[in-house]
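Text of data.tsv (TSV, C-alpha atoms) as supplied:
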chain	number	residue	atom	x	y	z
A	9	MET	CA	-13.95	-9.67	8.44
A	10	LYS	CA	-13.44	-6.60	10.60
A	11	THR	CA	-15.99	-3.82	10.34
A	12	SER	CA	-15.31	-0.41	8.86
A	13	ARG	CA	-15.87	1.04	12.33
A	14	TYR	CA	-13.03	-1.17	13.60
A	15	TRP	CA	-10.69	0.12	10.90
A	16	LYS	CA	-11.73	3.72	11.45
A	17	ASP	CA	-10.89	3.41	15.14
A	18	TYR	CA	-7.68	1.50	14.40
A	19	PHE	CA	-6.31	4.15	12.02
A	20	ASP	CA	-7.41	6.94	14.33
A	21	GLN	CA	-5.43	5.45	17.21
A	22	ASN	CA	-2.45	4.37	15.11
A	23	LEU	CA	-1.98	7.88	13.75
A	24	LYS	CA	-1.37	9.07	17.30
A	25	LYS	CA	1.56	6.71	17.83
A	26	GLU	CA	5.02	8.26	17.56
A	27	ARG	CA	7.71	5.69	16.76
A	28	ILE	CA	10.39	8.05	15.40
A	29	ASP	CA	12.90	9.94	17.52
A	30	TRP	CA	13.51	13.12	15.53
A	31	SER	CA	16.20	14.26	17.95
A	32	ILE	CA	18.53	11.74	16.26
A	33	SER	CA	20.79	13.27	13.62
A	34	PRO	CA	20.88	11.54	10.21
A	35	THR	CA	24.13	9.69	9.49
A	36	LEU	CA	23.70	8.71	5.86
A	37	THR	CA	27.06	8.03	4.21
A	38	LEU	CA	27.92	9.28	0.74
A	39	THR	CA	27.89	5.72	-0.63
A	40	GLU	CA	24.50	5.00	0.93
A	41	LYS	CA	23.11	8.24	-0.47
A	42	GLN	CA	24.27	7.40	-3.98
A	43	GLU	CA	22.55	4.02	-3.81
A	44	ILE	CA	19.22	5.01	-2.28
A	45	LEU	CA	18.55	8.71	-2.85
A	46	ALA	CA	16.73	8.52	-6.19
A	47	SER	CA	14.39	5.79	-4.96
A	48	LEU	CA	13.87	7.54	-1.63
A	49	GLN	CA	12.82	10.72	-3.43
A	50	ALA	CA	10.53	8.86	-5.84
A	51	TRP	CA	8.82	6.90	-3.08
A	52	GLN	CA	8.42	10.02	-0.96
A	53	LEU	CA	6.55	11.65	-3.83
A	54	GLY	CA	4.37	8.58	-4.24
A	55	GLU	CA	3.30	8.72	-0.59
A	56	THR	CA	1.96	12.27	-0.88
A	57	SER	CA	-1.19	11.75	-2.95
A	58	GLU	CA	-4.28	13.63	-1.77
A	59	GLY	CA	-6.37	10.54	-2.53
A	60	THR	CA	-9.32	12.44	-4.03
A	61	ASN	CA	-10.19	9.71	-6.56
A	62	LEU	CA	-9.88	7.00	-3.92
A	63	ILE	CA	-12.19	8.89	-1.58
A	64	ASN	CA	-14.73	9.30	-4.39
A	65	ALA	CA	-14.61	5.57	-5.17
A	66	ALA	CA	-14.92	4.70	-1.47
A	67	THR	CA	-17.89	7.02	-1.04
A	68	LYS	CA	-19.71	5.42	-3.97
A	69	HIS	CA	-18.92	1.95	-2.62
A	70	ALA	CA	-20.00	2.85	0.93
A	71	LYS	CA	-23.35	4.18	-0.28
A	72	LYS	CA	-23.96	0.95	-2.17
A	73	LEU	CA	-23.40	-1.06	1.02
A	74	ASN	CA	-24.94	1.51	3.37
A	75	ASP	CA	-21.63	1.45	5.29
A	76	ALA	CA	-21.51	4.64	7.33
A	77	HIS	CA	-17.86	4.32	8.42
A	78	TYR	CA	-16.03	3.06	5.34
A	79	THR	CA	-15.26	6.44	3.76
A	80	ASP	CA	-13.98	7.75	7.08
A	81	ALA	CA	-11.73	4.70	7.36
A	82	ILE	CA	-10.38	5.37	3.87
A	83	ARG	CA	-9.72	9.02	4.72
A	84	LEU	CA	-7.67	7.96	7.74
A	85	PHE	CA	-5.86	5.32	5.66
A	86	ILE	CA	-4.87	8.07	3.21
A	87	LYS	CA	-3.80	10.29	6.09
A	88	GLU	CA	-1.51	7.52	7.31
A	89	GLU	CA	0.07	7.24	3.84
A	90	GLN	CA	0.56	11.01	3.80
A	91	LYS	CA	2.28	10.71	7.18
A	92	HIS	CA	4.78	8.37	5.56
A	93	GLY	CA	5.38	10.89	2.79
A	94	GLU	CA	5.87	13.72	5.26
A	95	ASN	CA	8.30	11.70	7.37
A	96	LEU	CA	10.35	10.76	4.29
A	97	GLY	CA	10.21	14.39	3.17
A	98	LYS	CA	11.37	15.57	6.56
A	99	TYR	CA	14.29	13.17	6.33
A	100	LEU	CA	15.21	14.50	2.87
A	101	ASP	CA	15.13	18.00	4.34
A	102	ARG	CA	17.43	16.91	7.15
A	103	ILE	CA	20.04	15.51	4.74
A	104	GLY	CA	19.84	18.57	2.49
A	105	GLU	CA	18.23	16.88	-0.50
A	106	PRO	CA	15.16	18.14	-2.42
A	107	ARG	CA	11.67	16.68	-2.44
A	108	ILE	CA	11.12	16.01	-6.12
A	109	LYS	CA	7.94	17.12	-7.90
A	110	LYS	CA	7.83	14.55	-10.68
A	111	ASP	CA	8.84	10.93	-11.29
A	112	TRP	CA	7.93	8.80	-14.31
A	113	GLY	CA	6.81	5.81	-12.24
A	114	ASP	CA	4.66	7.94	-9.96
A	115	SER	CA	3.18	9.82	-12.94
A	116	LEU	CA	2.30	6.56	-14.68
A	117	PHE	CA	0.65	5.08	-11.62
A	118	ARG	CA	-1.31	8.26	-10.87
A	119	LYS	CA	-2.57	8.38	-14.46
A	120	VAL	CA	-3.78	4.78	-14.30
A	121	ARG	CA	-5.44	5.36	-10.93
A	122	GLY	CA	-7.06	8.56	-12.17
A	123	LEU	CA	-8.94	6.65	-14.85
A	124	GLN	CA	-10.61	4.41	-12.28
A	125	THR	CA	-13.66	5.14	-10.15
A	126	ASP	CA	-14.35	1.60	-8.96
A	127	MET	CA	-13.34	0.39	-5.49
A	128	GLU	CA	-12.36	-3.01	-6.84
A	129	PHE	CA	-9.52	-1.58	-8.91
A	130	TRP	CA	-8.35	0.61	-6.04
A	131	THR	CA	-8.13	-2.29	-3.63
A	132	ILE	CA	-6.09	-4.48	-6.00
A	133	ALA	CA	-3.84	-1.51	-6.80
A	134	VAL	CA	-3.23	-0.71	-3.14
A	135	ILE	CA	-2.63	-4.36	-2.20
A	136	THR	CA	-0.06	-4.65	-4.99
A	137	VAL	CA	1.77	-1.42	-4.19
A	138	GLU	CA	1.74	-2.02	-0.44
A	139	SER	CA	3.15	-5.52	-0.99
A	140	THR	CA	6.06	-4.12	-2.99
A	141	ALA	CA	6.43	-1.36	-0.39
A	142	GLN	CA	7.07	-3.97	2.29
A	143	VAL	CA	10.06	-5.26	0.33
A	144	PHE	CA	11.16	-1.74	-0.65
A	145	TYR	CA	11.22	-0.34	2.88
A	146	GLN	CA	12.89	-3.42	4.32
A	147	CYS	CA	15.61	-3.05	1.68
A	148	LEU	CA	15.88	0.67	2.39
A	149	LYS	CA	16.28	-0.15	6.07
A	150	ASP	CA	18.93	-2.76	5.34
A	151	ALA	CA	20.81	-0.49	2.92
A	152	THR	CA	21.79	2.03	5.58
A	153	SER	CA	23.29	2.27	9.03
A	154	CYS	CA	21.45	5.53	9.72
A	155	LYS	CA	19.40	5.00	12.87
A	156	LEU	CA	16.89	7.73	12.02
A	157	LEU	CA	16.15	6.34	8.57
A	158	LYS	CA	15.82	2.85	10.01
A	159	GLN	CA	13.20	4.11	12.48
A	160	ILE	CA	11.26	5.78	9.66
A	161	CYS	CA	11.28	2.52	7.70
A	162	THR	CA	10.19	0.49	10.72
A	163	ASP	CA	7.27	2.84	11.34
A	164	ILE	CA	6.14	2.48	7.73
A	165	LEU	CA	6.53	-1.31	7.73
A	166	ILE	CA	4.33	-1.58	10.83
A	167	ASP	CA	1.64	0.49	9.13
A	168	GLU	CA	1.83	-1.35	5.79
A	169	ALA	CA	0.94	-4.75	7.28
A	170	ALA	CA	-2.40	-3.38	8.51
A	171	HIS	CA	-2.97	-1.55	5.22
A	172	ILE	CA	-2.79	-4.81	3.30
A	173	ASP	CA	-5.20	-6.54	5.69
A	174	PHE	CA	-7.63	-3.61	5.39
A	175	GLN	CA	-7.64	-3.66	1.60
A	176	LEU	CA	-7.59	-7.44	1.25
A	177	GLU	CA	-10.73	-7.80	3.37
A	178	ARG	CA	-12.51	-5.33	1.10
A	179	LEU	CA	-11.33	-7.04	-2.07
A	180	CYS	CA	-12.47	-10.43	-0.73
A	181	LEU	CA	-15.91	-8.97	-0.06
A	182	ILE	CA	-16.16	-7.60	-3.61
A	183	TYR	CA	-14.73	-10.74	-5.20
A	184	GLN	CA	-16.93	-13.26	-3.40
A	185	HIS	CA	-20.09	-11.54	-4.61
A	186	LYS	CA	-19.23	-12.12	-8.26
A	187	ASN	CA	-20.46	-15.16	-10.15
A	188	LYS	CA	-17.97	-17.92	-10.94
A	189	LEU	CA	-17.24	-16.78	-14.51
A	190	VAL	CA	-16.64	-13.15	-13.55
A	191	ARG	CA	-14.48	-14.22	-10.61
A	192	GLY	CA	-12.28	-16.18	-13.01
A	193	ILE	CA	-11.88	-13.21	-15.34
A	194	SER	CA	-11.22	-10.87	-12.43
A	195	TYR	CA	-8.60	-13.20	-10.95
A	196	ILE	CA	-6.72	-13.22	-14.26
A	197	PHE	CA	-6.77	-9.42	-14.30
A	198	TYR	CA	-5.61	-9.20	-10.67
A	199	THR	CA	-2.73	-11.57	-11.40
A	200	GLY	CA	-1.63	-9.72	-14.51
A	201	PHE	CA	-1.82	-6.36	-12.79
A	202	TYR	CA	0.11	-7.64	-9.77
A	203	TYR	CA	3.01	-9.14	-11.69
A	204	GLY	CA	3.14	-6.32	-14.22
A	205	THR	CA	3.37	-3.78	-11.41
A	206	ILE	CA	6.04	-5.60	-9.41
A	207	LEU	CA	8.21	-5.91	-12.53
A	208	THR	CA	7.87	-2.15	-13.13
A	209	VAL	CA	8.86	-1.45	-9.52
A	210	TRP	CA	11.91	-3.71	-9.81
A	211	PHE	CA	13.21	-1.99	-12.94
A	212	ALA	CA	12.59	1.45	-11.42
A	213	HIS	CA	14.29	0.71	-8.09
A	214	GLN	CA	16.65	-2.21	-8.66
A	215	ARG	CA	19.65	-0.23	-7.40
A	216	LEU	CA	17.93	0.30	-4.06
A	217	PHE	CA	16.87	-3.35	-3.83
A	218	ARG	CA	20.42	-4.49	-4.51
A	219	ALA	CA	21.75	-2.06	-1.90
A	220	GLY	CA	19.39	-3.81	0.52
A	221	HIS	CA	20.91	-7.17	-0.48
A	222	VAL	CA	17.98	-8.37	-2.60
A	223	ARG	CA	18.70	-9.53	-6.16
A	224	PHE	CA	15.99	-10.10	-8.76
A	225	ALA	CA	15.56	-13.81	-7.93
A	226	GLY	CA	15.11	-12.97	-4.26
A	227	TYR	CA	12.74	-10.12	-5.04
A	228	TRP	CA	10.64	-12.35	-7.29
A	229	LYS	CA	10.48	-15.04	-4.63
A	230	LYS	CA	9.38	-12.54	-1.98
A	231	MET	CA	6.69	-11.12	-4.24
A	232	GLN	CA	5.43	-14.59	-5.16
A	233	SER	CA	5.13	-15.33	-1.46
A	234	LYS	CA	3.17	-12.11	-0.92
A	235	PHE	CA	0.91	-13.01	-3.83
A	236	GLY	CA	0.12	-16.29	-2.08
A	237	LYS	CA	-0.75	-14.41	1.10
A	238	THR	CA	-3.00	-11.90	-0.63
A	239	ILE	CA	-4.46	-12.33	-4.13
A	240	LYS	CA	-4.28	-16.12	-4.13
A	241	LYS	CA	-6.39	-16.18	-0.95
A	242	LEU	CA	-9.35	-14.90	-2.93
A	243	ASN	CA	-10.06	-18.41	-4.25
A	244	ALA	CA	-10.16	-19.88	-0.76
A	245	LYS	CA	-13.54	-20.40	0.86
A	246	PRO	CA	-14.47	-17.35	2.94
A	247	SER	CA	-14.26	-18.24	6.62
A	248	SER	CA	-13.90	-15.04	8.57
A	249	VAL	CA	-16.48	-12.69	7.08
A	250	ASN	CA	-18.65	-11.08	9.69
A	251	HIS	CA	-22.20	-12.45	9.25
A	252	SER	CA	-23.99	-9.12	9.45
A	253	THR	CA	-21.54	-7.48	7.03
A	254	SER	CA	-21.89	-10.38	4.62
A	255	GLN	CA	-25.68	-10.21	4.70
A	256	GLN	CA	-25.59	-6.46	4.20
A	257	ALA	CA	-23.23	-6.78	1.26
A	258	LYS	CA	-25.32	-9.56	-0.28
A	259	ALA	CA	-28.43	-7.44	-0.17
A	260	SER	CA	-26.60	-4.51	-1.74
A	261	TRP	CA	-25.14	-6.57	-4.58
A	262	GLN	CA	-28.55	-8.04	-5.36
A	263	ALA	CA	-30.22	-4.64	-5.39
In structure tokens, what does this structure look like?
Amino acid sequence: MKTSRYWKDYFDQNLKKERIDWSISPTLTLTEKQEILASLQAWQLGETSEGTNLINAATKHAKKLNDAHYTDAIRLFIKEEQKHGENLGKYLDRIGEPRIKKDWGDSLFRKVRGLQTDMEFWTIAVITVESTAQVFYQCLKDATSCKLLKQICTDILIDEAAHIDFQLERLCLIYQHKNKLVRGISYIFYTGFYYGTILTVWFAHQRLFRAGHVRFAGYWKKMQSKFGKTIKKLNAKPSSVNHSTSQQAKASWQA
């Protein structure tokens, strides 16, 4: 398991990387716009959260573990998500389309997140959403011939892979310090939340997914594969947890 200091430094450096050439003019066709615009606007809104509740949950969690760098890492993680939202917003500006202020899917997810103050819920929520985002942005990239939009999607996809690793390590740490019975109950909740969320995302954005050449069967298969690479790993024996971090966490959970 990588340390919070590692992730803080990683996000700090990654935020400085510029992978998008904004001198390129957008070339979105009318057909492409009709297929992807609504989902592009909705996802742009979803990437703009201030992350106040997440920061509060991270701060509480960091104090419990005496982890001086975790909250800073979370702040930078949120900043990277906001960068995605700003880049998508900038693209919408360039093609003369509005940045929407409200979307039912975003409102629902924000309401659910707002009720939670525990880091465990936040990590499973982020892992689930980031996993669907990987499929979403790949489909968005494949649904257009616009070079600028493709670069924006590539930049986001690069970031999302690290985001999932960051959150999965934290969830593993939380999960492995539960007793066997509670782990079983938690795993059932994680699974239900994951599959419930990905179904909601499909129904909200199926037109975009189809434009990116992914039908429901293909989407389901991709998301099952991502489940196997994330949530399902929780029941494997921990093998890469840093010894000092593990000992520190153990002491905190027993306190």
Near Val209 in chain A, counting all atoms listed in the file, which residues have an atom at most 12 Å away, once you skip same-chain residues fewer than 2 positions from it, shown as a PDB file with C-alpha atoms, in the frame of the given file?
ATOM      1  CA  SER A  47      14.390   5.790  -4.960  1.00  0.00           C
ATOM      2  CA  ALA A  50      10.530   8.860  -5.840  1.00  0.00           C
ATOM      3  CA  TRP A  51       8.820   6.900  -3.080  1.00  0.00           C
ATOM      4  CA  TRP A 112       7.930   8.800 -14.310  1.00  0.00           C
ATOM      5  CA  GLY A 113       6.810   5.810 -12.240  1.00  0.00           C
ATOM      6  CA  ASP A 114       4.660   7.940  -9.960  1.00  0.00           C
ATOM      7  CA  LEU A 116       2.300   6.560 -14.680  1.00  0.00           C
ATOM      8  CA  PHE A 117       0.650   5.080 -11.620  1.00  0.00           C
ATOM      9  CA  THR A 136      -0.060  -4.650  -4.990  1.00  0.00           C
ATOM     10  CA  VAL A 137       1.770  -1.420  -4.190  1.00  0.00           C
ATOM     11  CA  GLU A 138       1.740  -2.020  -0.440  1.00  0.00           C
ATOM     12  CA  SER A 139       3.150  -5.520  -0.990  1.00  0.00           C
ATOM     13  CA  THR A 140       6.060  -4.120  -2.990  1.00  0.00           C
ATOM     14  CA  ALA A 141       6.430  -1.360  -0.390  1.00  0.00           C
ATOM     15  CA  VAL A 143      10.060  -5.260   0.330  1.00  0.00           C
ATOM     16  CA  PHE A 144      11.160  -1.740  -0.650  1.00  0.00           C
ATOM     17  CA  TYR A 202       0.110  -7.640  -9.770  1.00  0.00           C
ATOM     18  CA  TYR A 203       3.010  -9.140 -11.690  1.00  0.00           C
ATOM     19  CA  GLY A 204       3.140  -6.320 -14.220  1.00  0.00           C
ATOM     20  CA  THR A 205       3.370  -3.780 -11.410  1.00  0.00           C
ATOM     21  CA  ILE A 206       6.040  -5.600  -9.410  1.00  0.00           C
ATOM     22  CA  LEU A 207       8.210  -5.910 -12.530  1.00  0.00           C
ATOM     23  CA  PHE A 211      13.210  -1.990 -12.940  1.00  0.00           C
ATOM     24  CA  ALA A 212      12.590   1.450 -11.420  1.00  0.00           C
ATOM     25  CA  HIS A 213      14.290   0.710  -8.090  1.00  0.00           C
ATOM     26  CA  GLN A 214      16.650  -2.210  -8.660  1.00  0.00           C
ATOM     27  CA  ARG A 215      19.650  -0.230  -7.400  1.00  0.00           C
ATOM     28  CA  LEU A 216      17.930   0.300  -4.060  1.00  0.00           C
ATOM     29  CA  PHE A 217      16.870  -3.350  -3.830  1.00  0.00           C
ATOM     30  CA  PHE A 224      15.990 -10.100  -8.760  1.00  0.00           C
ATOM     31  CA  TYR A 227      12.740 -10.120  -5.040  1.00  0.00           C
ATOM     32  CA  TRP A 228      10.640 -12.350  -7.290  1.00  0.00           C
ATOM     33  CA  MET A 231       6.690 -11.120  -4.240  1.00  0.00           C
TER      34      MET A 231
END
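Nearest residue to Ile166 in chain A among A:Glu88, A:Asp29, A:Glu43, A:Asp17 is A:Glu88, counting only C-alpha atoms.
Take CA of Lys158 in chain A and CA of Glu40 in chain A: the distance between them is 12.7 Å.
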Ile164 in chain A: which residues within 8 Å, counting only C-alpha atoms, same-chain residues fewer than 3 positions away excluded, as a count of residues only?
6
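Closest approach to Tyr183 in chain A among A:Glu128, A:Glu94, A:Asp20, A:Asp163 is made by A:Glu128 (distances from all atoms listed in the file).
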With 3 Å of padding per side, what axis-aligned box (centre and edge lengths, Å, one decimal) covers all the listed atoms of range 22-38 of chain A? Give it as JSON.
{"center_x": 12.7, "center_y": 9.3, "center_z": 9.3, "size_x": 36.4, "size_y": 15.9, "size_z": 23.2}
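For the residues A:Cys147, A:Thr208, A:Gly104, A:Tyr14, ranking by smallest atom-to-atom distance to His77 in chain A using all atoms listed in the file places A:Tyr14 first.
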Could you tell me how far CA of Ala76 in chain A lies from CA of Val190 in chain A, in Å and to one decimal?
27.9 Å
What gap, in Å, lies between CA of Ile103 in chain A and CA of Leu165 in chain A?
21.8 Å
